[in-house]
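Raw target.txt, compact mmCIF, C-alpha atoms:
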# COMPACT_ATOMS: atom_id res chain seq x y z
CA MET A 15 45.76 114.96 147.00
CA ARG A 16 46.06 112.14 144.50
CA TRP A 17 43.41 109.65 143.42
CA PHE A 18 43.96 105.97 142.64
CA ASP A 19 41.87 103.10 141.35
CA GLN A 20 40.62 100.78 144.02
CA PHE A 21 42.51 97.82 142.56
CA THR A 22 45.92 99.49 142.28
CA PHE A 23 46.92 98.02 145.64
CA ALA A 24 45.65 94.75 147.03
CA ASN A 25 45.51 95.67 150.73
CA PRO A 26 42.12 97.37 151.33
CA ASP A 27 42.98 98.14 154.95
CA THR A 28 45.24 100.98 153.84
CA TRP A 29 42.55 102.67 151.73
CA HIS A 30 39.79 105.14 152.56
CA ARG A 31 36.69 104.87 150.42
CA VAL A 32 35.61 108.30 149.22
CA GLU A 33 33.26 107.49 146.34
CA PRO A 34 32.05 104.33 144.56
CA ASP A 35 34.98 102.36 143.05
CA ARG A 36 37.46 105.11 144.02
CA CYS A 37 39.88 105.07 146.93
CA MET A 38 42.55 107.26 148.37
CA TYR A 39 45.75 105.65 149.67
CA SER A 40 46.65 106.76 153.18
CA GLU A 41 50.40 106.73 152.47
CA LYS A 42 52.48 107.64 149.45
CA PRO A 43 52.37 104.47 147.33
CA HIS A 44 55.62 105.23 145.52
CA ASP A 45 57.40 105.45 148.86
CA VAL A 46 56.23 101.91 149.67
CA LEU A 47 57.40 100.62 146.27
CA ASP A 48 60.76 102.31 146.72
CA GLN A 49 61.17 100.74 150.16
CA ILE A 50 60.34 97.31 148.77
CA GLY A 51 62.79 97.87 145.91
CA ALA A 52 65.52 98.78 148.39
CA GLN A 53 64.94 95.61 150.41
CA ILE A 54 64.17 93.13 147.64
CA GLN A 55 67.72 91.91 146.98
CA THR A 56 68.27 91.05 150.65
CA LYS A 57 64.89 89.32 150.75
CA PHE A 58 65.75 87.37 147.60
CA GLN A 59 69.01 86.07 149.04
CA GLN A 60 67.23 84.96 152.22
CA LEU A 61 64.62 82.86 150.44
CA PRO A 62 64.72 79.05 150.86
CA ILE A 63 65.62 78.55 147.21
CA ALA A 64 66.31 74.88 146.50
CA PRO A 65 69.77 74.46 144.95
CA ALA A 66 70.42 72.18 142.03
CA VAL A 67 70.46 68.42 142.47
CA SER A 68 73.93 67.40 141.34
CA GLY A 69 74.64 64.25 139.36
CA ILE A 70 77.84 62.28 138.77
CA GLN A 71 78.38 59.48 136.24
CA PRO A 72 79.69 56.98 137.08
CA PHE A 73 79.06 57.23 140.83
CA PRO A 74 80.21 56.64 143.55
CA HIS A 75 83.29 55.20 141.79
CA THR A 76 84.99 56.53 138.70
CA LEU A 77 88.30 55.86 136.96
CA LYS A 78 91.51 57.82 136.88
CA GLY A 79 92.16 59.21 133.41
CA ALA A 80 88.54 58.76 132.25
CA GLU A 81 85.88 61.38 131.64
CA THR A 82 83.50 61.69 134.61
CA ASN A 83 80.23 63.40 133.74
CA PHE A 84 78.88 66.05 136.12
CA TYR A 85 75.54 67.82 135.79
CA ALA A 86 73.14 70.01 137.74
CA ASP A 87 69.34 69.77 137.76
CA ALA A 88 67.87 73.10 138.94
CA ALA A 89 64.34 74.43 138.58
CA ALA A 90 62.71 77.86 138.49
CA GLN A 91 60.86 78.63 141.73
CA THR A 92 58.18 81.09 142.88
CA PHE A 93 57.63 82.54 146.36
CA ALA A 94 54.80 84.66 147.76
CA VAL A 95 55.93 86.93 150.60
CA ASP A 96 54.63 89.92 152.54
CA MET A 97 56.73 93.07 152.49
CA LEU A 98 55.58 96.26 154.21
CA GLY A 99 52.01 94.98 154.14
CA GLN A 100 52.09 94.36 150.38
CA LYS A 101 51.80 91.04 148.55
CA VAL A 102 55.04 90.40 146.72
CA VAL A 103 55.69 87.48 144.35
CA ILE A 104 59.36 86.62 143.77
CA LYS A 105 60.48 84.37 140.93
CA ALA A 106 63.94 82.76 140.92
CA GLU A 107 65.45 81.30 137.75
CA PRO A 108 68.75 79.35 137.53
CA VAL A 109 71.19 81.02 135.15
CA GLU A 110 74.73 79.80 135.94
CA TYR A 111 76.56 76.92 137.57
CA THR A 112 79.95 76.60 139.26
CA TYR A 113 81.43 73.11 139.64
CA THR A 114 84.11 72.21 142.21
CA TYR A 115 85.67 68.85 141.42
CA GLY A 116 87.55 68.44 144.70
CA ASP A 117 91.04 68.02 143.26
CA GLY A 118 91.81 71.73 143.08
CA SER A 119 90.08 72.26 139.73
CA GLY A 120 86.63 73.43 138.77
CA LEU A 121 84.44 74.85 136.05
CA GLY A 122 82.43 78.04 135.87
CA PRO A 123 80.51 80.09 136.30
CA THR A 124 79.02 78.56 133.17
CA ILE A 125 75.56 78.57 131.63
CA PHE A 126 75.84 74.83 130.97
CA ALA A 127 74.01 72.64 133.46
CA GLY A 128 75.00 69.45 131.69
CA GLY A 129 72.78 66.40 131.79
CA PRO A 130 72.74 62.64 132.40
CA LEU A 131 74.11 60.20 129.84
CA PRO A 132 72.85 56.67 129.18
CA GLU A 133 75.16 54.11 130.77
CA GLU A 134 76.54 52.93 127.44
CA ARG A 135 77.90 56.47 126.88
CA TRP A 136 79.63 56.86 130.24
CA GLY A 137 83.20 58.00 129.69
CA GLU A 138 82.33 60.42 126.89
CA GLN A 139 83.52 64.00 127.17
CA THR A 140 80.78 66.55 127.90
CA ARG A 141 80.74 70.32 128.47
CA THR A 142 80.84 69.71 132.23
CA SER A 143 82.89 66.50 132.52
CA HIS A 144 86.24 66.21 134.27
CA VAL A 145 89.26 63.88 134.14
CA TYR A 146 90.91 63.01 137.45
CA LYS A 147 94.67 62.55 137.28
CA GLN A 148 95.02 61.05 140.75
CA THR A 149 93.25 58.33 142.69
CA GLY A 150 91.50 59.01 145.98
CA ASP A 151 88.28 60.36 147.44
CA PHE A 152 87.21 63.83 146.33
CA GLN A 153 84.46 66.16 147.57
CA VAL A 154 82.43 67.38 144.61
CA SER A 155 79.95 70.25 144.76
CA VAL A 156 78.02 72.62 142.52
CA SER A 157 76.69 76.11 143.25
CA THR A 158 73.78 77.51 141.28
CA THR A 159 73.36 81.20 140.58
CA PHE A 160 69.74 82.38 140.46
CA ARG A 161 68.44 85.62 138.97
CA GLY A 162 65.13 86.98 140.20
CA THR A 163 62.15 89.16 139.40
CA TYR A 164 59.44 90.48 141.69
CA SER A 165 55.96 91.92 141.37
CA VAL A 166 53.94 93.90 143.92
CA ASN A 167 50.20 93.30 144.29
CA GLY A 168 49.91 91.67 140.89
CA GLY A 169 51.87 94.38 139.08
CA PRO A 170 54.47 93.86 136.36
CA ASP A 171 57.57 91.75 136.92
CA LEU A 172 60.55 93.90 137.89
CA PRO A 173 64.18 92.74 137.86
CA ILE A 174 65.93 92.15 141.17
CA PRO A 175 69.41 93.72 141.21
CA GLY A 176 72.24 91.24 141.54
CA THR A 177 71.92 87.48 141.93
CA GLY A 178 71.82 84.84 144.63
CA GLU A 179 74.14 81.82 144.81
CA PHE A 180 72.97 78.59 146.43
CA ALA A 181 75.23 75.57 147.03
CA SER A 182 74.20 71.94 146.72
CA PRO A 183 75.38 69.42 149.32
CA ALA A 184 78.83 68.02 148.56
CA GLN A 185 79.19 64.42 147.37
CA THR A 186 82.18 62.11 147.63
CA VAL A 187 83.45 60.43 144.47
CA SER A 188 86.11 57.71 144.70
CA VAL A 189 88.61 57.66 141.87
CA TRP A 190 90.15 54.28 141.13
CA ARG A 191 92.82 53.24 138.70
CA SER A 192 92.26 50.59 136.07
CA VAL A 193 94.79 47.91 135.12
CA THR A 194 94.79 46.05 131.82
CA ARG A 195 96.58 42.73 131.41
CA ASN A 196 96.71 40.28 128.52
CA TYR A 197 96.44 36.54 129.14
CA ALA A 198 97.10 33.61 126.85
CA ASP A 199 94.11 31.64 128.15
CA ASN A 200 90.78 32.22 129.83
CA CYS A 201 89.21 31.06 133.10
CA LEU A 202 87.63 28.00 131.46
CA GLN A 203 91.01 26.83 130.24
CA ASN A 204 92.85 27.88 133.42
CA PRO A 205 90.50 28.34 136.39
CA GLN A 206 93.45 29.28 138.63
CA GLY A 207 94.56 32.09 136.32
CA GLU A 208 94.89 35.64 137.65
CA GLY A 209 91.60 37.51 137.65
CA CYS A 210 89.48 34.34 137.66
CA PRO A 211 86.74 33.92 140.32
CA GLY A 212 88.15 32.89 143.70
CA VAL A 213 91.76 33.56 142.73
CA PRO A 214 93.46 36.13 145.01
CA SER A 215 94.84 39.22 143.26
CA LYS A 216 98.59 39.47 143.05
Just give me the structure as structure tokens.
Amino acid sequence: MRWFDQFTFANPDTWHRVEPDRCMYSEKPHDVLDQIGAQIQTKFQQLPIAPAVSGIQPFPHTLKGAETNFYADAAAQTFAVDMLGQKVVIKAEPVEYTYTYGDGSGLGPTIFAGGPLPEERWGEQTRTSHVYKQTGDFQVSVSTTFRGTYSVNGGPDLPIPGTGEFASPAQTVSVWRSVTRNYADNCLQNPQGEGCPGVPSK
């Protein structure tokens, strides 16, 4: 027979009081912890973990041959669940990102989430940017890999084996081409010149 402090486990319904401030657990506590440990990875992957919010600059239109900035905004999350009658707290932390650019290329897994740029810096190369070589509409997505820890009844944080991958909704980016022409005059001098307001494109 083994003795345990009353506060070792948080569920008093599974204890039998035998003396003041002392309790005896009615089951083998290590068996319960082992069962939770065996199920924790599956539980982790089933959690409603919010994937990253993906960003694209510029959006929804970008230019062929220019740097398009992609980034992911993911947050650490905490969940309280019940497993085998025990109170389990699971923490999920984003650790890696995989970008799919929609034109057959991608990036990752990478630890770089990227980040937004001010508009005056759009077109700069970043760790997560991409250059499209063709025009068209492309489906862009990012998947975030989360690593987790869990604690049972307020105990220490324990690592969860493996990871969980959670995909963000795909977005459509339209890639256009840009054309540069030189003119000898401007629209004030020649209001009917190509590119001037109200003048049809040739």
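Atom CA of A:Ser155 sits 24.4 Å away from atom CA of A:Thr92.
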May I have a table of the residues of stretch 80-129 of chain A lying at most 8 Å from stretch 160-180 of chain A, giving each one's closest pair of atoms and their distance in Å to one decimal, counting only C-alpha atoms, ordered by chain and ascending residue number, as a tab-separated table?
residue	atom	partner	partner_atom	distance
A:Gln100	CA	A:Asn167	CA	6.5
A:Lys101	CA	A:Asn167	CA	5.1
A:Val102	CA	A:Val166	CA	4.6
A:Val103	CA	A:Ser165	CA	5.4
A:Ile104	CA	A:Tyr164	CA	4.4
A:Lys105	CA	A:Thr163	CA	5.3
A:Ala106	CA	A:Gly162	CA	4.4
A:Glu107	CA	A:Phe160	CA	5.2
A:Pro108	CA	A:Phe160	CA	4.3
A:Val109	CA	A:Phe160	CA	5.7
A:Glu110	CA	A:Phe160	CA	7.2
### Pick from A:Thr140, A:Ser182, A:Thr112, A:Asn204 nearest to A:Ala66, counting all atoms listed in the file
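Of A:Thr140, A:Ser182, A:Thr112, A:Asn204, the one nearest A:Ala66 is A:Ser182, counting all atoms listed in the file.
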### Task
Can you pull out every residue within 12 Å of A:Glu133, counting all atoms listed in the file, but drop anything in the same chain fewer than 6 positions away, and send it as a VMD selection string?
chain A and resid 70 to 73 82 to 83
#### Entry: Computed interatomic separation between atom CA of A:Tyr85 and atom CA of A:Pro62 (Å)
21.7 Å
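Minimum distance to A:Gly116 across A:Gly137, A:Gly128, A:Gly150, A:Pro214 (counting only C-alpha atoms) occurs at A:Gly150.
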Around the point (81.9, 71.0, 135.8) in the file's coordinates, collect all residues with an atom within 7 Å, using only C-alpha atoms, and return them as a PDB file with C-alpha atoms, in the frame of the given file.
ATOM      1  CA  PHE A  84      78.880  66.050 136.120  1.00  0.00           C
ATOM      2  CA  THR A 112      79.950  76.600 139.260  1.00  0.00           C
ATOM      3  CA  TYR A 113      81.430  73.110 139.640  1.00  0.00           C
ATOM      4  CA  THR A 114      84.110  72.210 142.210  1.00  0.00           C
ATOM      5  CA  GLY A 120      86.630  73.430 138.770  1.00  0.00           C
ATOM      6  CA  LEU A 121      84.440  74.850 136.050  1.00  0.00           C
ATOM      7  CA  THR A 142      80.840  69.710 132.230  1.00  0.00           C
ATOM      8  CA  SER A 143      82.890  66.500 132.520  1.00  0.00           C
ATOM      9  CA  HIS A 144      86.240  66.210 134.270  1.00  0.00           C
TER      10      HIS A 144
END
### Query
When you draw a straight line from atom CA of A:Ala88 to atom CA of A:Ala127, how long is it in Å?
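That distance, rounded to one decimal, is 8.2 Å.
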### Message
Would you pick out the contacts of A:Ala86 at 9 Å or less, using only C-alpha atoms, so that residues sharing its chain but fewer than 5 positions from it are not included, and give the list as a PyMOL selection string?
### Response
chain A and resi 66-69+111+126-129+156-158
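Counting all atoms listed in the file, the residue from A:Ala94, A:Ile125, A:Ala184, A:Val145 that sits nearest to A:Pro65 is A:Ala184.
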### Message
Taking all atoms listed in the file into account, name the residue in A:Trp190, A:Asp87, A:Val213, A:Thr56 that is nearest to A:Pro130.
### Response
A:Asp87
